[in-house]
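J.: I'm passing along coords_9.cif; it holds mmCIF, C-alpha atoms (C1' of nucleotides).
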data_data
loop_
_atom_site.group_PDB
_atom_site.id
_atom_site.type_symbol
_atom_site.label_atom_id
_atom_site.label_comp_id
_atom_site.auth_asym_id
_atom_site.auth_seq_id
_atom_site.Cartn_x
_atom_site.Cartn_y
_atom_site.Cartn_z
ATOM 1 C CA MET X 1 0.000 0.000 0.000
ATOM 2 C CA GLU X 2 2.356 2.629 1.228
ATOM 3 C CA VAL X 3 4.880 0.632 -0.683
ATOM 4 C CA LEU X 4 3.420 1.481 -4.039
ATOM 5 C CA GLU X 5 2.716 5.000 -2.910
ATOM 6 C CA TYR X 6 6.282 5.493 -1.859
ATOM 7 C CA ASP X 7 7.970 5.568 -5.233
ATOM 8 C CA ARG X 8 5.452 7.599 -7.110
ATOM 9 C CA ARG X 9 7.804 10.533 -6.878
ATOM 10 C CA LYS X 10 10.889 8.627 -7.876
ATOM 11 C CA CYS X 11 9.579 6.731 -10.869
ATOM 12 C CA PRO X 12 9.848 8.732 -14.038
ATOM 13 C CA ASN X 13 9.755 6.951 -17.350
ATOM 14 C CA HIS X 14 12.019 4.047 -16.872
ATOM 15 C CA LEU X 15 10.735 1.914 -14.078
ATOM 16 C CA SER X 16 13.615 -0.451 -14.443
ATOM 17 C CA THR X 17 16.415 1.897 -13.618
ATOM 18 C CA GLY X 18 15.260 3.411 -10.352
ATOM 19 C CA GLU X 19 14.386 2.601 -6.796
ATOM 20 C CA CYS X 20 11.201 1.493 -8.354
ATOM 21 C CA THR X 21 12.106 -1.951 -9.544
ATOM 22 C CA LYS X 22 14.486 -2.524 -6.692
ATOM 23 C CA MET X 23 11.432 -2.303 -4.501
ATOM 24 C CA LEU X 24 9.973 -5.311 -6.263
ATOM 25 C CA LEU X 25 12.848 -7.580 -5.317
ATOM 26 C CA PRO X 26 11.627 -8.348 -1.797
ATOM 27 C CA VAL X 27 8.171 -9.040 -3.196
ATOM 28 C CA LYS X 28 9.661 -11.523 -5.626
ATOM 29 C CA ASP X 29 11.617 -13.134 -2.806
ATOM 30 C CA ALA X 30 8.443 -13.730 -0.886
ATOM 31 C CA LEU X 31 6.652 -15.073 -3.948
ATOM 32 C CA ASP X 32 9.514 -17.427 -4.790
ATOM 33 C CA ILE X 33 9.310 -18.998 -1.383
ATOM 34 C CA LEU X 34 5.625 -19.780 -1.734
ATOM 35 C CA SER X 35 5.209 -20.604 -5.405
ATOM 36 C CA GLY X 36 5.928 -23.863 -7.150
ATOM 37 C CA LYS X 37 3.884 -26.989 -7.279
ATOM 38 C CA TRP X 38 4.535 -28.422 -3.810
ATOM 39 C CA LYS X 39 5.794 -25.684 -1.490
ATOM 40 C CA LEU X 40 2.488 -24.725 0.062
ATOM 41 C CA GLN X 41 1.448 -28.296 0.717
ATOM 42 C CA ILE X 42 4.759 -29.115 2.356
ATOM 43 C CA ILE X 43 4.639 -26.032 4.546
ATOM 44 C CA LEU X 44 1.079 -26.895 5.468
ATOM 45 C CA ALA X 45 2.075 -30.436 6.378
ATOM 46 C CA LEU X 46 4.776 -29.100 8.672
ATOM 47 C CA THR X 47 2.447 -26.688 10.446
ATOM 48 C CA PHE X 48 0.949 -29.756 12.092
ATOM 49 C CA GLY X 49 4.243 -30.590 13.765
ATOM 50 C CA LYS X 50 7.463 -32.452 13.159
ATOM 51 C CA LYS X 51 7.353 -34.950 10.344
ATOM 52 C CA ARG X 52 9.634 -37.555 8.867
ATOM 53 C CA PHE X 53 10.547 -37.668 5.194
ATOM 54 C CA LYS X 54 8.396 -40.615 4.203
ATOM 55 C CA GLN X 55 5.605 -39.352 6.355
ATOM 56 C CA ILE X 56 5.405 -36.107 4.421
ATOM 57 C CA GLN X 57 5.603 -38.003 1.179
ATOM 58 C CA ARG X 58 2.714 -40.250 2.155
ATOM 59 C CA GLU X 59 0.583 -37.279 3.138
ATOM 60 C CA ILE X 60 1.045 -35.598 -0.227
ATOM 61 C CA PRO X 61 0.160 -38.024 -3.009
ATOM 62 C CA GLY X 62 2.065 -37.552 -6.222
ATOM 63 C CA LEU X 63 5.040 -35.989 -4.525
ATOM 64 C CA THR X 64 8.246 -37.765 -5.556
ATOM 65 C CA PRO X 65 11.280 -38.077 -3.263
ATOM 66 C CA LYS X 66 13.316 -35.962 -5.667
ATOM 67 C CA MET X 67 10.956 -33.012 -5.413
ATOM 68 C CA LEU X 68 10.432 -33.390 -1.695
ATOM 69 C CA SER X 69 14.161 -33.498 -1.117
ATOM 70 C CA LYS X 70 14.671 -30.373 -3.202
ATOM 71 C CA GLU X 71 11.895 -28.418 -1.557
ATOM 72 C CA LEU X 72 13.045 -29.336 1.929
ATOM 73 C CA LYS X 73 16.534 -28.120 1.066
ATOM 74 C CA ASP X 74 15.051 -24.820 -0.092
ATOM 75 C CA LEU X 75 13.171 -24.462 3.155
ATOM 76 C CA GLU X 76 16.340 -25.188 5.101
ATOM 77 C CA ILE X 77 18.417 -22.699 3.133
ATOM 78 C CA ASN X 78 15.822 -20.062 3.866
ATOM 79 C CA GLU X 79 15.829 -21.029 7.529
ATOM 80 C CA LEU X 80 12.140 -21.791 7.403
ATOM 81 C CA ALA X 81 12.532 -25.435 8.353
ATOM 82 C CA SER X 82 15.111 -27.400 10.284
ATOM 83 C CA ARG X 83 16.368 -30.939 9.801
ATOM 84 C CA HIS X 84 17.175 -33.291 12.652
ATOM 85 C CA VAL X 85 18.908 -36.624 12.194
ATOM 86 C CA TYR X 86 18.623 -39.323 14.855
ATOM 87 C CA ASP X 87 21.007 -42.213 14.910
ATOM 88 C CA THR X 88 18.431 -44.965 15.041
ATOM 89 C CA SER X 89 18.065 -47.857 12.701
ATOM 90 C CA PRO X 90 16.877 -47.316 10.165
ATOM 91 C CA VAL X 91 17.932 -43.718 10.412
ATOM 92 C CA THR X 92 15.291 -41.210 11.463
ATOM 93 C CA VAL X 93 15.148 -37.745 9.958
ATOM 94 C CA GLU X 94 12.677 -35.176 11.173
ATOM 95 C CA TYR X 95 11.727 -31.859 9.652
ATOM 96 C CA GLU X 96 10.159 -29.025 11.521
ATOM 97 C CA LEU X 97 9.086 -25.455 10.824
ATOM 98 C CA THR X 98 11.334 -23.009 12.622
ATOM 99 C CA PRO X 99 9.756 -20.211 14.659
ATOM 100 C CA TYR X 100 10.788 -17.976 11.787
ATOM 101 C CA GLY X 101 9.056 -20.327 9.341
ATOM 102 C CA LYS X 102 5.865 -19.829 11.295
ATOM 103 C CA THR X 103 5.933 -16.123 10.479
ATOM 104 C CA LEU X 104 4.752 -17.174 7.032
ATOM 105 C CA LYS X 105 1.352 -17.994 8.453
ATOM 106 C CA PRO X 106 -0.093 -14.457 8.540
ATOM 107 C CA LEU X 107 1.227 -13.892 5.041
ATOM 108 C CA ILE X 108 -0.418 -17.037 3.733
ATOM 109 C CA GLY X 109 -3.499 -15.885 5.583
ATOM 110 C CA GLU X 110 -3.521 -12.631 3.599
ATOM 111 C CA LEU X 111 -3.101 -14.495 0.329
ATOM 112 C CA HIS X 112 -5.968 -16.744 1.347
ATOM 113 C CA LYS X 113 -8.217 -13.803 2.131
ATOM 114 C CA TRP X 114 -7.623 -12.076 -1.178
ATOM 115 C CA GLY X 115 -7.728 -15.344 -3.103
ATOM 116 C CA SER X 116 -11.060 -16.348 -1.620
ATOM 117 C CA LYS X 117 -12.696 -13.078 -2.578
ATOM 118 C CA HIS X 118 -11.186 -13.358 -6.018
ATOM 119 C CA ARG X 119 -12.478 -16.876 -6.470
ATOM 120 C CA LYS X 120 -15.993 -15.726 -5.627
ATOM 121 C CA LYS X 121 -15.746 -12.773 -7.973
ATOM 122 C CA ILE X 122 -14.458 -14.712 -10.949
ATOM 123 C CA THR X 123 -16.410 -17.923 -10.654
ATOM 124 C CA GLY X 124 -19.510 -15.755 -10.289
ATOM 125 C CA LYS X 125 -19.779 -16.216 -6.530
ATOM 126 C CA MET L 1 -2.970 -17.390 10.533
ATOM 127 C CA GLU L 2 -6.439 -18.393 11.557
ATOM 128 C CA VAL L 3 -6.520 -20.057 8.176
ATOM 129 C CA LEU L 4 -3.903 -22.603 9.102
ATOM 130 C CA GLU L 5 -5.388 -22.985 12.550
ATOM 131 C CA TYR L 6 -8.780 -23.729 11.120
ATOM 132 C CA ASP L 7 -8.155 -27.137 9.650
ATOM 133 C CA ARG L 8 -6.030 -28.573 12.364
ATOM 134 C CA ARG L 9 -9.007 -30.613 13.488
ATOM 135 C CA LYS L 10 -9.997 -31.782 10.061
ATOM 136 C CA CYS L 11 -6.635 -32.896 8.730
ATOM 137 C CA PRO L 12 -5.880 -36.475 9.625
ATOM 138 C CA ASN L 13 -3.291 -38.347 7.653
ATOM 139 C CA HIS L 14 -4.084 -37.524 4.096
ATOM 140 C CA LEU L 15 -3.847 -33.810 3.612
ATOM 141 C CA SER L 16 -4.872 -34.124 0.014
ATOM 142 C CA THR L 17 -8.287 -35.569 0.519
ATOM 143 C CA GLY L 18 -9.825 -33.159 2.976
ATOM 144 C CA GLU L 19 -10.892 -29.600 3.432
ATOM 145 C CA CYS L 20 -7.272 -29.135 4.049
ATOM 146 C CA THR L 21 -5.950 -28.923 0.531
ATOM 147 C CA LYS L 22 -9.071 -27.266 -0.743
ATOM 148 C CA MET L 23 -8.110 -24.412 1.530
ATOM 149 C CA LEU L 24 -4.902 -23.962 -0.424
ATOM 150 C CA LEU L 25 -6.680 -23.311 -3.704
ATOM 151 C CA PRO L 26 -7.437 -19.634 -3.027
ATOM 152 C CA VAL L 27 -3.852 -19.145 -1.924
ATOM 153 C CA LYS L 28 -2.639 -20.620 -5.191
ATOM 154 C CA ASP L 29 -5.030 -18.376 -7.099
ATOM 155 C CA ALA L 30 -3.519 -15.329 -5.482
ATOM 156 C CA LEU L 31 0.014 -16.538 -6.115
ATOM 157 C CA ASP L 32 -0.731 -17.296 -9.769
ATOM 158 C CA ILE L 33 -1.869 -13.753 -10.319
ATOM 159 C CA LEU L 34 1.348 -12.293 -8.963
ATOM 160 C CA SER L 35 4.005 -14.771 -10.020
ATOM 161 C CA GLY L 36 5.711 -15.014 -13.372
ATOM 162 C CA LYS L 37 8.501 -12.965 -14.763
ATOM 163 C CA TRP L 38 6.624 -9.760 -15.695
ATOM 164 C CA LYS L 39 3.341 -9.555 -13.789
ATOM 165 C CA LEU L 40 4.544 -7.443 -10.898
ATOM 166 C CA GLN L 41 6.314 -4.937 -13.092
ATOM 167 C CA ILE L 42 3.286 -4.531 -15.326
ATOM 168 C CA ILE L 43 0.968 -4.046 -12.379
ATOM 169 C CA LEU L 44 3.401 -1.540 -10.937
ATOM 170 C CA ALA L 45 3.540 0.368 -14.209
ATOM 171 C CA LEU L 46 -0.251 0.600 -14.241
ATOM 172 C CA THR L 47 -0.453 1.884 -10.672
ATOM 173 C CA PHE L 48 0.910 5.149 -12.050
ATOM 174 C CA GLY L 49 -2.131 5.584 -14.265
ATOM 175 C CA LYS L 50 -3.422 4.666 -17.705
ATOM 176 C CA LYS L 51 -0.821 3.511 -20.138
ATOM 177 C CA ARG L 52 -0.652 2.546 -23.780
ATOM 178 C CA PHE L 53 0.762 -0.742 -25.000
ATOM 179 C CA LYS L 54 4.025 0.577 -26.358
ATOM 180 C CA GLN L 55 4.406 2.871 -23.433
ATOM 181 C CA ILE L 56 4.366 -0.047 -21.004
ATOM 182 C CA GLN L 57 6.770 -1.934 -23.198
ATOM 183 C CA ARG L 58 9.212 0.965 -23.247
ATOM 184 C CA GLU L 59 9.070 1.292 -19.488
ATOM 185 C CA ILE L 60 9.970 -2.345 -18.945
ATOM 186 C CA PRO L 61 13.124 -3.203 -20.888
ATOM 187 C CA GLY L 62 13.331 -6.763 -22.110
ATOM 188 C CA LEU L 63 9.588 -7.218 -22.229
ATOM 189 C CA THR L 64 8.527 -8.553 -25.630
ATOM 190 C CA PRO L 65 5.158 -7.717 -27.191
ATOM 191 C CA LYS L 66 4.195 -11.370 -27.032
ATOM 192 C CA MET L 67 4.603 -11.541 -23.282
ATOM 193 C CA LEU L 68 3.045 -8.155 -22.651
ATOM 194 C CA SER L 69 0.045 -9.097 -24.732
ATOM 195 C CA LYS L 70 -0.396 -12.343 -22.827
ATOM 196 C CA GLU L 71 -0.036 -10.773 -19.410
ATOM 197 C CA LEU L 72 -2.465 -7.979 -20.203
ATOM 198 C CA LYS L 73 -5.022 -10.567 -21.307
ATOM 199 C CA ASP L 74 -4.561 -12.367 -18.004
ATOM 200 C CA LEU L 75 -5.127 -9.152 -16.115
ATOM 201 C CA GLU L 76 -8.264 -8.473 -18.130
ATOM 202 C CA ILE L 77 -9.663 -11.965 -17.607
ATOM 203 C CA ASN L 78 -9.166 -11.525 -13.893
ATOM 204 C CA GLU L 79 -10.854 -8.117 -14.049
ATOM 205 C CA LEU L 80 -7.773 -6.473 -12.628
ATOM 206 C CA ALA L 81 -7.174 -4.249 -15.645
ATOM 207 C CA SER L 82 -9.393 -2.822 -18.336
ATOM 208 C CA ARG L 83 -8.692 -2.175 -21.999
ATOM 209 C CA HIS L 84 -9.957 0.847 -23.867
ATOM 210 C CA VAL L 85 -9.698 1.232 -27.631
ATOM 211 C CA TYR L 86 -9.925 4.675 -29.206
ATOM 212 C CA ASP L 87 -10.636 5.033 -32.891
ATOM 213 C CA THR L 88 -7.730 7.284 -33.695
ATOM 214 C CA SER L 89 -5.035 6.731 -36.229
ATOM 215 C CA PRO L 90 -2.961 4.884 -35.585
ATOM 216 C CA VAL L 91 -5.267 3.176 -33.175
ATOM 217 C CA THR L 92 -4.862 4.006 -29.495
ATOM 218 C CA VAL L 93 -5.251 1.356 -26.823
ATOM 219 C CA GLU L 94 -5.105 2.213 -23.161
ATOM 220 C CA TYR L 95 -4.829 -0.100 -20.196
ATOM 221 C CA GLU L 96 -5.811 0.801 -16.689
ATOM 222 C CA LEU L 97 -6.006 -0.903 -13.313
ATOM 223 C CA THR L 98 -9.622 -1.381 -12.266
ATOM 224 C CA PRO L 99 -10.664 -0.350 -8.754
ATOM 225 C CA TYR L 100 -10.679 -4.050 -8.014
ATOM 226 C CA GLY L 101 -7.154 -4.339 -9.367
ATOM 227 C CA LYS L 102 -6.083 -1.737 -6.870
ATOM 228 C CA THR L 103 -7.094 -4.043 -4.030
ATOM 229 C CA LEU L 104 -3.898 -5.933 -4.834
ATOM 230 C CA LYS L 105 -1.865 -3.108 -3.367
ATOM 231 C CA PRO L 106 -2.213 -4.010 0.311
ATOM 232 C CA LEU L 107 -1.458 -7.626 -0.548
ATOM 233 C CA ILE L 108 1.689 -6.675 -2.412
ATOM 234 C CA GLY L 109 2.499 -4.478 0.544
ATOM 235 C CA GLU L 110 2.371 -7.495 2.864
ATOM 236 C CA LEU L 111 4.595 -9.505 0.551
ATOM 237 C CA HIS L 112 6.993 -6.590 0.492
ATOM 238 C CA LYS L 113 7.078 -6.376 4.268
ATOM 239 C CA TRP L 114 7.834 -10.063 4.771
ATOM 240 C CA GLY L 115 10.235 -10.159 1.837
ATOM 241 C CA SER L 116 12.242 -7.226 3.130
ATOM 242 C CA LYS L 117 12.736 -8.805 6.519
ATOM 243 C CA HIS L 118 13.642 -12.065 4.871
ATOM 244 C CA ARG L 119 16.202 -10.404 2.643
ATOM 245 C CA LYS L 120 17.875 -8.868 5.658
ATOM 246 C CA LYS L 121 17.846 -12.151 7.537
ATOM 247 C CA ILE L 122 19.293 -14.238 4.724
ATOM 248 C CA THR L 123 21.809 -11.855 3.257
ATOM 249 C CA GLY L 124 23.035 -11.263 6.803
ATOM 250 C CA LYS L 125 21.410 -7.862 7.118
ATOM 251 C "C1'" DG N 1 7.117 5.369 -53.260
ATOM 252 C "C1'" DG N 2 9.644 4.466 -48.919
ATOM 253 C "C1'" DT N 3 9.734 4.493 -44.233
ATOM 254 C "C1'" DA N 4 7.822 4.721 -39.625
ATOM 255 C "C1'" DT N 5 4.409 4.009 -35.810
ATOM 256 C "C1'" DC N 6 0.806 1.390 -33.260
ATOM 257 C "C1'" DG N 7 -0.948 -2.909 -31.414
ATOM 258 C "C1'" DC N 8 -0.529 -6.780 -31.772
ATOM 259 C "C1'" DT N 9 0.116 -12.338 -33.771
ATOM 260 C "C1'" DT N 10 2.833 -16.213 -35.418
ATOM 261 C "C1'" DT N 11 6.636 -19.308 -35.604
ATOM 262 C "C1'" DC N 12 10.515 -21.350 -33.870
ATOM 263 C "C1'" DC N 13 13.772 -22.084 -30.355
ATOM 264 C "C1'" DT N 14 15.918 -22.467 -25.611
ATOM 265 C "C1'" DT N 15 15.541 -22.869 -20.820
ATOM 266 C "C1'" DT N 16 13.402 -24.307 -16.771
ATOM 267 C "C1'" DC N 17 10.223 -27.224 -14.050
ATOM 268 C "C1'" DG N 18 8.821 -31.284 -12.680
ATOM 269 C "C1'" DG N 19 7.668 -36.543 -13.431
ATOM 270 C "C1'" DA N 20 9.259 -41.693 -13.868
ATOM 271 C "C1'" DT N 21 12.286 -44.902 -12.863
ATOM 272 C "C1'" DA N 22 16.097 -47.045 -10.943
ATOM 273 C "C1'" DC N 23 19.293 -47.331 -7.534
ATOM 274 C "C1'" DC N 24 22.186 -46.803 -3.050
ATOM 275 C "C1'" DG N 25 23.889 -48.329 1.963
ATOM 276 C "C1'" DG N 26 22.237 -49.686 6.206
ATOM 277 C "C1'" DT N 27 19.134 -52.288 9.065
ATOM 278 C "C1'" DA N 28 15.250 -55.305 10.249
ATOM 279 C "C1'" DT N 29 12.248 -59.141 9.477
ATOM 280 C "C1'" DA N 30 10.775 -63.824 7.510
ATOM 281 C "C1'" DT Q 1 18.852 -65.968 1.695
ATOM 282 C "C1'" DA Q 2 15.198 -62.858 0.218
ATOM 283 C "C1'" DT Q 3 12.494 -59.043 1.038
ATOM 284 C "C1'" DA Q 4 11.173 -54.586 2.913
ATOM 285 C "C1'" DC Q 5 11.799 -49.967 4.925
ATOM 286 C "C1'" DC Q 6 14.340 -45.535 5.526
ATOM 287 C "C1'" DG Q 7 16.232 -41.303 3.451
ATOM 288 C "C1'" DG Q 8 17.566 -40.059 -0.031
ATOM 289 C "C1'" DT Q 9 20.489 -39.539 -5.227
ATOM 290 C "C1'" DA Q 10 21.121 -40.023 -10.305
ATOM 291 C "C1'" DT Q 11 19.479 -40.265 -14.949
ATOM 292 C "C1'" DC Q 12 16.543 -39.547 -18.481
ATOM 293 C "C1'" DC Q 13 12.211 -37.394 -20.316
ATOM 294 C "C1'" DG Q 14 8.175 -34.552 -21.487
ATOM 295 C "C1'" DA Q 15 5.643 -30.253 -20.605
ATOM 296 C "C1'" DA Q 16 5.461 -25.537 -19.848
ATOM 297 C "C1'" DA Q 17 7.406 -20.910 -19.578
ATOM 298 C "C1'" DG Q 18 9.545 -17.588 -21.918
ATOM 299 C "C1'" DG Q 19 12.820 -15.275 -25.669
ATOM 300 C "C1'" DA Q 20 13.999 -13.798 -30.829
ATOM 301 C "C1'" DA Q 21 12.580 -12.518 -34.953
ATOM 302 C "C1'" DA Q 22 9.483 -11.666 -38.518
ATOM 303 C "C1'" DG Q 23 5.240 -10.057 -40.199
ATOM 304 C "C1'" DC Q 24 0.578 -7.611 -40.579
ATOM 305 C "C1'" DG Q 25 -3.131 -3.995 -41.597
ATOM 306 C "C1'" DA Q 26 -4.001 0.614 -41.019
ATOM 307 C "C1'" DT Q 27 -2.340 5.211 -41.150
ATOM 308 C "C1'" DA Q 28 0.885 9.094 -41.318
ATOM 309 C "C1'" DC Q 29 4.846 11.530 -42.650
ATOM 310 C "C1'" DC Q 30 8.739 12.740 -46.084
#
Starting from the file, give its structure as structure tokens.
T.:
Amino acid sequence: MEVLEYDRRKCPNHLSTGECTKMLLPVKDALDILSGKWKLQIILALTFGKKRFKQIQREIPGLTPKMLSKELKDLEINELASRHVYDTSPVTVEYELTPYGKTLKPLIGELHKWGSKHRKKITGK
Amino acid sequence: MEVLEYDRRKCPNHLSTGECTKMLLPVKDALDILSGKWKLQIILALTFGKKRFKQIQREIPGLTPKMLSKELKDLEINELASRHVYDTSPVTVEYELTPYGKTLKPLIGELHKWGSKHRKKITGK
DNA sequence: GGTATCGCTTTCCTTTCGGATACCGGTATA
DNA sequence: TATACCGGTATCCGAAAGGAAAGCGATACC
């Protein structure tokens, strides 16, 4: 809101060269973290508590180990989830949303609010 | 927030089969509207007022007419932008954010807020 | 007549995303 | 000995997103 207001002064003809497009970078960061075919479902699965690799995979049909592995790495890199290995046999690996990862919830909530209204508007209520 | 709280009761083992995943659909709708390589920049360009096709293209270097055309159609279909044709010569076509389209601003603002904090956290401030 | 502008569309090509399948070492179970 | 589970990795493929370049009808300008 105030974000888009902010640059009105500074954005002349070329949006790309100013503060203007730089401002979009954080927005793209946030979008990157949430978009993709499986990210939301995995995050959702983890909001219900610690989960093991196979457990997540079973809860999300169609999700292959390759994709799950990749997405979990992304979450780790972004410090949104943490990985814990226990030296049992067979080995146990647990994934968990970090407290920081849980700060995504209000954001997803906002997307849900707007998306719900939009759905009603477009599908003709 | 309350969104993710909501289904805690209803989500047993299979997230995919319940209310649980249905709840993610509106979130995906919202993400679809904002993600992609050019959407944000085009929306931003239109927040500064009516613009003509070529004018938008000039403001966003690298944007090809094919992509611009496609994205503008998407915005129209979603009733976020409107298209006005004037019978001048050569023909004049103007695009404009609808009042509804402007309701995206607070949402983008939220993404910006989270994304900025995230950027600081990850890049080590 | 030649060239330019506007608002696109069409075709072809590359790059990226994600799916299918097979496999790995280590351990348990029959 | 054979089979199964765990937490993945590696390889090959098809689909989808997006870029490059050309062209098009209408008009205007030189």
J.: Applying 12 Å and all atoms listed in the file, which residues near segment 26-32 of chain X remain after dropping the ones on its own chain fewer than 5 positions away? List them as a count of residues only.
T.: 49
J.: Distance cut-off 9 Å, counting only C-alpha atoms (C1' of nucleotides) - which residues of chain N neighbour chain X? Return them as a list in words.
T.: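 Per the criterion, chain N yields DC17, DG18, DG19, DG26, DT27 and DA28 of chain N.
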J.: Using 8 Å as the limit and counting only C-alpha atoms (C1' of nucleotides), can you tabulate each residue of chain X that touches chain Q, with its shortest atom-to-atom distance in Å and the two atoms involved, as a tab-separated table?
T.:
residue	atom	partner	partner_atom	distance
X:Phe53	CA	Q:DG7	C1'	7.0
X:Lys54	CA	Q:DC6	C1'	7.8
X:Pro65	CA	Q:DG8	C1'	7.3
X:Ser69	CA	Q:DG8	C1'	7.5
X:Pro90	CA	Q:DC6	C1'	5.6
X:Val91	CA	Q:DC6	C1'	6.3
X:Thr92	CA	Q:DC6	C1'	7.4
X:Val93	CA	Q:DG7	C1'	7.5
J.: Save out the residues we just selected, C-alpha atoms, as an mmCIF file, in the frame of the given file.
T.:
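What follows is the written file selection_37.cif:
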data_model
loop_
_atom_site.group_PDB
_atom_site.id
_atom_site.type_symbol
_atom_site.label_atom_id
_atom_site.label_comp_id
_atom_site.auth_asym_id
_atom_site.auth_seq_id
_atom_site.Cartn_x
_atom_site.Cartn_y
_atom_site.Cartn_z
ATOM 1 C CA PHE X 53 10.547 -37.668 5.194
ATOM 2 C CA LYS X 54 8.396 -40.615 4.203
ATOM 3 C CA PRO X 65 11.280 -38.077 -3.263
ATOM 4 C CA SER X 69 14.161 -33.498 -1.117
ATOM 5 C CA PRO X 90 16.877 -47.316 10.165
ATOM 6 C CA VAL X 91 17.932 -43.718 10.412
ATOM 7 C CA THR X 92 15.291 -41.210 11.463
ATOM 8 C CA VAL X 93 15.148 -37.745 9.958
#
J.: Would you compute an axis-aligned box for segment 3-22 of chain N, covering every atom listed for it in the file with 8 Å of margin on each side, and report centre and edge lengths in Å to one decimal as AutoDock Vina command-line options?
T.:
--center_x 7.6 --center_y -21.2 --center_z -27.6 --size_x 33.0 --size_y 67.8 --size_z 49.3
J.: Pick from X:Leu46, X:Leu80, X:Ile60, X:Leu68: nearest to chain L, with all atoms listed in the file counted?
T.: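 Using all atoms listed in the file, the shortest distance to chain L belongs to X:Ile60.
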J.: What is the distance, in Å and to one decimal place, between atom CA of Gly101 of chain L and atom CA of Ala81 of chain L?
T.: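 Pair atom CA of Gly101 of chain L / atom CA of Ala81 of chain L returns 6.3 Å.
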